[in-house]
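Colleague: Please read through the structure below; I'll follow up with questions.
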Amino acid sequence: MSLALAARDVVVELGGKRILDGVSFEVGRGEFAALCGPNGGGKTTFLRAALGLVPLARGEIEVLGSLPGSAGAGVGYLPQAKAFSAAFPARVVDVIVAARRGSWPFRVGAAEREHARAVLARVGGERLIDSELRGLSGGELQRVFLARALVADPALLLLDEPTAGVDERGRTEFLELLEAIAARDDLAAVLVTHNASAVRRLANRAVYLDRTLRAWGPPGEVLDREWEPAGAFSGHDHDAPKDARCEDA
Amino acid sequence: MGELADLVVAPLGQGFVRRALGAGLALGTAGALLGVFVVQRGLGLVSDGLAHATFGGLALGLLLGATPDRAIWVALPFTVAVALAIQQLRRRTTLGGDVATGVFFAVSFAAGVLFLGLRAAHAAPVNVEALLFGSLLAVSPEALAVTSLVSALVVALLLGVGPRLAYATFDPELARLAGVRVAALESLLLATTALVVVVGVKTVGVVLVSAFVVIPAATAQLLGRTLGTIVVLAVAASLASTALGLFASYHLNVAPGATIILTLGALFFLALLLRRR
């Protein structure tokens with residue numbers, strides 16, 4: 001089976017601190033992998049390294065057969081922290097068209113608008129097309145960012161906590177949405193999540209990351225293991241976060 | 001119609017008014033276009049800082065023996081260097097753009113005062129008031145040509161990199177992932193702002209030039225819903241204010257820099273009343 005993503009002995013250091021230490025795992029084409037682990041365990045950093053936003057101190061990550069950052073439109077990314085400027089005059093349609101063009105549209109043509117509408121329809125966000133980004137709820141924003149991740153028909157999706165900041169009902173809907181997208185058998189994904197039901201429903205494989213790779217296997221096996229408190233590894237023993245592992249929610 | 005002829009046509013019969021209008025419109029276009037990006041990035045104060053750096057640059061030019069008209073060729077590299085230094089300070093330290101600007105602002109201005117003081121006693125006196133408040137009605141054909149050239153350059157540049165610069169302004173990380181060279185574009189924006197500010201100081205002066213960059217964009221941002229609309233509104237506000245302010249200054253016999261910027265200010269407050277909620 002050819003690979004969507006292959007991490008080999010990945011070491012990442014940021015500000016003199018080792019965030020990832022010798023992490024190796026593979027995600028096949030069409031496979032959904034869930035990335036679990038405590039806060040600060042390096043999940044987001046791993047995604048950012050796979051995107052080429054963070055340099056590797058050692059090892060390599062192969063993304064769709066290329067180096068990080070060079071697989072281009074083949075990779076769709078849904079960031080956890082939405083870092084866009086709230087003052088910027090952005091409508092949903094502009095965001096989708098920008099993702100397609102790689103630059104901001106001063107004017108949106110009819111064909112581009114139609115394409116944006118079709119992409120939004122895939123995530124149930126059609127009615128948002130003319131909304132201003134800054135007025136959207138957390139759940140609506142996630143939909144729009146999922147649509148922009150899908151805009152170029154990627155072969156690999158990197159999703160960083162797609163249900164964070166989304167209310168209970170929205171979360172269920174969003175998981176159904178991801179399930180429908182996952183059903184497309186040629187699409188692979190790496191999904192960072194604290195939500196165990198998301199892992200069970202969506203993932204073919206789960207990875208437990210806490211600076212090093214602690215486990216990698218079928219979701220049930222990884223989830224059912226007795227994880228020691230995150231504090232044992234990160235140094236915050238007494239307030240090990242409730243979401244320190246993939247919890248059943 | 002007779003009144004209109006008196007108000008508009010009569011002034012335009014004079015060469016210096018035509019040159020002032022040409023320089024004002026050129027500067028207004030460039031300032032408004034750049035301003036949209038500068039204001040969106042929260043760099044409004046930087047244009048003000050660069051205007052003060054220009055004072056230092058012009059004073060250095062005069063110290064080196066240049067005529068007031070030619071001192072601009074010293075001020076230009078000087079101010080671009082200050083712009084890039086501000087950018088480096090923002091990127092490499094935890095100091096914000098406002099602090100970096102504040103430091104260079106004061107140091108350049110003080111250096112300017114020093115440079116003017118160091119000039120030989122027999123050197124021609126410098127009209128500091130013209131430096132601070134500009135002399136739009138005294139624009140020479142040469143200065144008009146330089147202003148028009150700079151304006152054309154800014155328009156061409158933004159036609160080329162505007163969409164990528166806008167993407168980087170919206171979200172630098174997503175832009176970077178799309179292959180946009182975010183840091184290089186930001187340096188280019190600051191250097192171009194320095195260029196426009198230097199040329200603008202010659203016409204509307206150190207104190208008022210940043211208004212040409214900041215106010216039209218701020219006005220348009222209150223009214224426009226898309227970046228395209230904001231660009232059009234900013235340029236329109238700038239051109240209308242320049243023309244109106246210039247004719248008002250002619251008839252009231254006051255400095256045009258002041259009337260143009262007061263007109264821009266009036267439009268801004270009108271936009272504030274009309275703004276979409």
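Following the order of the structure tokens, chains are lettered A, B, ..., residues in each are numbered from 1, and ligands are numbered from 1.
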Looking only at helix (DSSP H, G or I) from DSSP on the backbone, list the matching residues of region 115-177 of chain A as a PyMOL selection string.
Modeller: chain A and resi 115-122+126-128+133-135+138-150+168-177
Colleague: Show me, as CSV, the residues of chain B having an atom within 7 Å of chain A, each with the closest atom pair and its distance in Å, using only C-alpha atoms.
Modeller:
residue,atom,partner,partner_atom,distance
B:Gln40,CA,A:Phe88,CA,6.5
B:Pro163,CA,A:Trp104,CA,4.6
B:Arg164,CA,A:Ser103,CA,4.6
B:Ala166,CA,A:Trp104,CA,5.6
B:Tyr167,CA,A:Trp104,CA,4.8
B:Phe170,CA,A:Ser85,CA,5.4
B:Asp171,CA,A:Phe84,CA,4.4
B:Ala178,CA,A:Gly102,CA,5.2
B:Arg225,CA,A:Pro89,CA,5.8
B:Thr226,CA,A:Pro89,CA,5.3
B:Leu227,CA,A:Phe106,CA,5.9
B:Gly228,CA,A:Phe106,CA,4.5
Colleague: From a backbone DSSP assignment, name each residue in region 54-188 of chain A labelled strand (DSSP E), as a PyMOL selection string.
Modeller: chain A and resi 58-63+75-78+156-160+188
Colleague: Would you mind exporting all heavy atoms of the selected residues as a compact mmCIF listing (two decimals), in the first residue's frame?
Modeller:
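Once everything was written out, this is selection30.txt:
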# COMPACT_ATOMS: atom_id res chain seq x y z
N ARG A 58 15.70 16.26 13.42
CA ARG A 58 16.24 14.99 12.94
C ARG A 58 15.09 14.20 12.33
O ARG A 58 13.93 14.49 12.57
CB ARG A 58 16.83 14.23 14.12
CG ARG A 58 17.95 13.25 13.75
CD ARG A 58 18.50 12.57 14.99
NE ARG A 58 17.53 11.63 15.54
CZ ARG A 58 17.53 11.23 16.82
NH1 ARG A 58 18.40 11.72 17.67
NH2 ARG A 58 16.64 10.36 17.23
N GLY A 59 15.43 13.23 11.56
CA GLY A 59 14.41 12.37 10.98
C GLY A 59 13.76 13.00 9.76
O GLY A 59 14.22 14.03 9.26
N GLU A 60 12.68 12.36 9.28
CA GLU A 60 11.99 12.93 8.12
C GLU A 60 10.51 12.61 8.17
O GLU A 60 10.08 11.64 8.81
CB GLU A 60 12.61 12.39 6.83
CG GLU A 60 12.56 10.86 6.73
CD GLU A 60 12.91 10.36 5.34
OE1 GLU A 60 13.46 11.14 4.55
OE2 GLU A 60 12.61 9.20 5.05
N ILE A 61 9.76 13.47 7.55
CA ILE A 61 8.33 13.20 7.35
C ILE A 61 8.09 13.26 5.85
O ILE A 61 8.45 14.24 5.19
CB ILE A 61 7.44 14.24 8.05
CG1 ILE A 61 7.76 14.32 9.55
CG2 ILE A 61 5.96 13.87 7.86
CD1 ILE A 61 6.91 15.33 10.30
N GLU A 62 7.53 12.18 5.33
CA GLU A 62 7.20 12.15 3.92
C GLU A 62 5.69 12.36 3.81
O GLU A 62 4.92 11.63 4.43
CB GLU A 62 7.61 10.80 3.35
CG GLU A 62 8.01 10.86 1.90
CD GLU A 62 8.51 9.49 1.44
OE1 GLU A 62 9.71 9.19 1.65
OE2 GLU A 62 7.67 8.73 0.95
N VAL A 63 5.30 13.37 3.06
CA VAL A 63 3.88 13.68 2.91
C VAL A 63 3.51 13.49 1.45
O VAL A 63 3.99 14.22 0.59
CB VAL A 63 3.61 15.14 3.35
CG1 VAL A 63 2.13 15.48 3.21
CG2 VAL A 63 4.06 15.36 4.78
N VAL A 75 -2.55 18.48 0.14
CA VAL A 75 -2.78 18.43 1.58
C VAL A 75 -3.78 19.52 1.99
O VAL A 75 -3.61 20.67 1.65
CB VAL A 75 -1.46 18.65 2.37
CG1 VAL A 75 -1.72 18.57 3.86
CG2 VAL A 75 -0.44 17.62 1.95
N GLY A 76 -4.84 19.11 2.68
CA GLY A 76 -5.78 20.08 3.22
C GLY A 76 -5.58 20.19 4.72
O GLY A 76 -5.39 19.19 5.40
N TYR A 77 -5.60 21.42 5.24
CA TYR A 77 -5.24 21.63 6.65
C TYR A 77 -6.33 22.43 7.35
O TYR A 77 -6.78 23.45 6.85
CB TYR A 77 -3.91 22.37 6.71
CG TYR A 77 -3.48 22.85 8.07
CD1 TYR A 77 -3.48 22.01 9.18
CD2 TYR A 77 -3.04 24.16 8.25
CE1 TYR A 77 -3.05 22.47 10.43
CE2 TYR A 77 -2.60 24.62 9.49
CZ TYR A 77 -2.62 23.77 10.57
OH TYR A 77 -2.19 24.23 11.79
N LEU A 78 -6.76 21.92 8.48
CA LEU A 78 -7.70 22.65 9.32
C LEU A 78 -6.98 22.99 10.62
O LEU A 78 -6.74 22.11 11.44
CB LEU A 78 -8.94 21.80 9.59
CG LEU A 78 -10.13 22.50 10.27
CD1 LEU A 78 -11.43 21.80 9.89
CD2 LEU A 78 -10.00 22.55 11.76
N LEU A 156 -4.81 14.08 1.35
CA LEU A 156 -4.54 13.96 2.79
C LEU A 156 -5.09 15.17 3.52
O LEU A 156 -4.85 16.31 3.12
CB LEU A 156 -3.02 13.88 3.01
CG LEU A 156 -2.55 13.90 4.47
CD1 LEU A 156 -2.99 12.65 5.23
CD2 LEU A 156 -1.03 14.06 4.54
N LEU A 157 -5.85 14.91 4.58
CA LEU A 157 -6.36 15.99 5.42
C LEU A 157 -5.62 15.97 6.74
O LEU A 157 -5.45 14.92 7.34
CB LEU A 157 -7.85 15.77 5.72
CG LEU A 157 -8.90 16.25 4.73
CD1 LEU A 157 -10.29 15.89 5.26
CD2 LEU A 157 -8.79 17.74 4.49
N LEU A 158 -5.19 17.16 7.20
CA LEU A 158 -4.62 17.27 8.53
C LEU A 158 -5.58 18.13 9.35
O LEU A 158 -5.75 19.32 9.08
CB LEU A 158 -3.23 17.93 8.47
CG LEU A 158 -2.21 17.19 7.59
CD1 LEU A 158 -0.89 17.96 7.54
CD2 LEU A 158 -1.97 15.77 8.11
N LEU A 159 -6.25 17.51 10.31
CA LEU A 159 -7.31 18.19 11.06
C LEU A 159 -6.89 18.32 12.51
O LEU A 159 -6.68 17.33 13.20
CB LEU A 159 -8.61 17.39 10.98
CG LEU A 159 -9.09 16.98 9.58
CD1 LEU A 159 -10.28 16.03 9.69
CD2 LEU A 159 -9.46 18.21 8.78
N ASP A 160 -6.77 19.56 12.97
CA ASP A 160 -6.32 19.79 14.35
C ASP A 160 -7.51 20.13 15.23
O ASP A 160 -8.02 21.25 15.19
CB ASP A 160 -5.28 20.91 14.37
CG ASP A 160 -4.46 20.89 15.65
OD1 ASP A 160 -4.83 20.12 16.57
OD2 ASP A 160 -3.49 21.64 15.73
N ALA A 188 -7.02 10.21 2.83
CA ALA A 188 -6.41 9.88 4.12
C ALA A 188 -6.51 11.10 5.03
O ALA A 188 -6.65 12.21 4.55
CB ALA A 188 -4.94 9.51 3.92
Colleague: Hey, what's within 8 Å of region 218-224 of chain A if we count only C-alpha atoms and toss same-chain stuff fewer than 2 positions away? As a list in words, please?
Modeller: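 My list of contacting residues is Ala34, Ala196, Val199, Arg200, Ala203, Asn204, Arg205, Ala206, Val207, Tyr208, Ala215, Trp216, Glu226 and Cys246 of chain A.
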Colleague: Identify which of the residues B:Gly224, B:Gly160, B:Pro68, B:Gly96 lies closest to Leu43 (chain B), counting only C-alpha atoms when measuring atom-to-atom distances.
Modeller: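 Once distances to Leu43 (chain B) are computed over only C-alpha atoms, the minimum belongs to B:Gly96.
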Colleague: So how many Å separate CA of Asn253 (chain B) and CA of Leu137 (chain B), to one decimal?
Modeller: 11.0 Å
Colleague: Just the number, please: distance in Å from CA of Ala248 (chain B) to CA of Pro141 (chain B), one decimal.
Modeller: 22.5 Å
Colleague: To one decimal place in Å, what is the distance between CA of Leu273 (chain B) and CA of Ala30 (chain B)?
Modeller: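 CA of Ala30 (chain B) lies 26.3 Å from CA of Leu273 (chain B).
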Colleague: Quick one: everything within 10 Å of Ile129 (chain A), counting only C-alpha atoms, minus sequence neighbours fewer than 3 positions away in the same chain. Send it as a list in words.
Modeller: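 The residues that qualify are Arg91, Val92, Val93, Asp94, Val95, Ile96, Arg113, Ala116, Arg117, Leu120, Ala121, Gly125, Glu126, Glu132, Leu133 and Val144 of chain A.
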Colleague: Mind checking which residues fall within 12 Å of Gly124 (chain A), counting only C-alpha atoms, ignoring those fewer than 2 positions away in the same chain, and posting them as a ChimeraX atom specification?
Modeller: /A:117-122,126-129,139-144,146-147,170,173-174,176-178,180-181
Colleague: Env of region 6-9 of chain A: 10 Å cut, atoms = only C-alpha atoms, seq-sep filter 6 positions within chain, self excluded. Answer as a PyMOL selection string.
Modeller: chain A and resi 20-28+46+50+58-65+212-213
Colleague: Please write the residues from the selection above to a file, keeping N, CA, C and O atoms, as a compact mmCIF listing (two decimals), in the first residue's frame.
Modeller:
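Output file part_11.txt is given in full below:
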# COMPACT_ATOMS: atom_id res chain seq x y z
N LEU A 20 9.12 16.67 20.20
CA LEU A 20 8.89 15.33 19.67
C LEU A 20 10.23 14.60 19.66
O LEU A 20 11.24 15.18 19.28
N ASP A 21 10.22 13.34 20.08
CA ASP A 21 11.48 12.63 20.23
C ASP A 21 11.39 11.24 19.59
O ASP A 21 10.82 10.33 20.17
N GLY A 22 11.91 11.14 18.39
CA GLY A 22 12.00 9.84 17.73
C GLY A 22 10.65 9.22 17.38
O GLY A 22 10.43 8.05 17.63
N VAL A 23 9.78 10.01 16.81
CA VAL A 23 8.43 9.53 16.48
C VAL A 23 8.40 8.92 15.08
O VAL A 23 8.83 9.56 14.11
N SER A 24 7.93 7.70 14.99
CA SER A 24 7.79 7.05 13.69
C SER A 24 6.42 6.39 13.59
O SER A 24 6.01 5.66 14.49
N PHE A 25 5.67 6.70 12.55
CA PHE A 25 4.46 5.94 12.22
C PHE A 25 4.07 6.24 10.78
O PHE A 25 4.61 7.16 10.16
N GLU A 26 3.13 5.45 10.28
CA GLU A 26 2.74 5.62 8.88
C GLU A 26 1.23 5.68 8.76
O GLU A 26 0.51 5.05 9.55
N VAL A 27 0.77 6.43 7.79
CA VAL A 27 -0.65 6.49 7.48
C VAL A 27 -0.81 6.15 6.01
O VAL A 27 -0.21 6.80 5.15
N GLY A 28 -1.56 5.07 5.74
CA GLY A 28 -1.73 4.65 4.36
C GLY A 28 -2.71 5.52 3.61
O GLY A 28 -3.49 6.27 4.22
N PHE A 46 3.35 18.08 15.65
CA PHE A 46 3.57 17.09 14.61
C PHE A 46 2.89 17.52 13.30
O PHE A 46 3.48 17.45 12.23
N ALA A 50 4.57 18.38 9.72
CA ALA A 50 4.19 17.71 8.48
C ALA A 50 3.84 18.73 7.39
O ALA A 50 3.93 18.44 6.20
N ARG A 58 15.70 16.26 13.42
CA ARG A 58 16.24 14.99 12.94
C ARG A 58 15.09 14.20 12.33
O ARG A 58 13.93 14.49 12.57
N GLY A 59 15.43 13.23 11.56
CA GLY A 59 14.41 12.37 10.98
C GLY A 59 13.76 13.00 9.76
O GLY A 59 14.22 14.03 9.26
N GLU A 60 12.68 12.36 9.28
CA GLU A 60 11.99 12.93 8.12
C GLU A 60 10.51 12.61 8.17
O GLU A 60 10.08 11.64 8.81
N ILE A 61 9.76 13.47 7.55
CA ILE A 61 8.33 13.20 7.35
C ILE A 61 8.09 13.26 5.85
O ILE A 61 8.45 14.24 5.19
N GLU A 62 7.53 12.18 5.33
CA GLU A 62 7.20 12.15 3.92
C GLU A 62 5.69 12.36 3.81
O GLU A 62 4.92 11.63 4.43
N VAL A 63 5.30 13.37 3.06
CA VAL A 63 3.88 13.68 2.91
C VAL A 63 3.51 13.49 1.45
O VAL A 63 3.99 14.22 0.59
N LEU A 64 2.68 12.50 1.17
CA LEU A 64 2.31 12.16 -0.20
C LEU A 64 3.55 12.01 -1.07
O LEU A 64 3.61 12.48 -2.20
N GLY A 65 4.59 11.41 -0.48
CA GLY A 65 5.80 11.15 -1.24
C GLY A 65 6.72 12.34 -1.40
O GLY A 65 7.74 12.25 -2.07
N THR A 212 7.11 11.14 22.88
CA THR A 212 7.49 9.99 22.08
C THR A 212 6.22 9.27 21.66
O THR A 212 5.15 9.55 22.17
N LEU A 213 6.35 8.35 20.74
CA LEU A 213 5.20 7.56 20.32
C LEU A 213 4.96 6.47 21.37
O LEU A 213 5.79 5.59 21.55
Colleague: Using only C-alpha atoms, which protein or nucleic acid residues come within 12 Å of Gly265 (chain B)? Drop anything in the same chain fewer than 4 positions from it, and give the result as a compact mmCIF listing (two decimals) with C-alpha atoms, in the first residue's frame.
Modeller:
# COMPACT_ATOMS: atom_id res chain seq x y z
CA LEU B 208 0.38 65.68 7.59
CA ALA B 211 -2.98 61.29 7.00
CA PHE B 212 -2.85 60.55 3.26
CA VAL B 214 -4.23 56.38 7.13
CA ILE B 215 -7.44 58.41 6.78
CA PRO B 216 -8.75 57.25 3.37
CA ALA B 217 -8.21 53.60 4.28
CA ALA B 218 -9.77 54.07 7.72
CA THR B 219 -12.79 55.78 6.15
CA ALA B 237 -12.24 59.45 -0.72
CA SER B 238 -8.63 60.43 -1.25
CA SER B 241 -10.68 65.27 -0.67
CA THR B 242 -7.56 66.29 -2.54
CA GLY B 245 -9.35 70.66 -0.30
CA ALA B 258 -4.55 71.60 5.99
CA THR B 259 -7.73 71.91 3.89
CA ILE B 260 -7.14 68.57 2.15
CA ILE B 261 -6.68 66.72 5.40
CA PHE B 269 -16.57 61.39 10.48
CA LEU B 270 -19.34 61.17 7.89
CA ALA B 271 -18.42 57.52 7.35
CA LEU B 272 -18.48 56.99 11.09
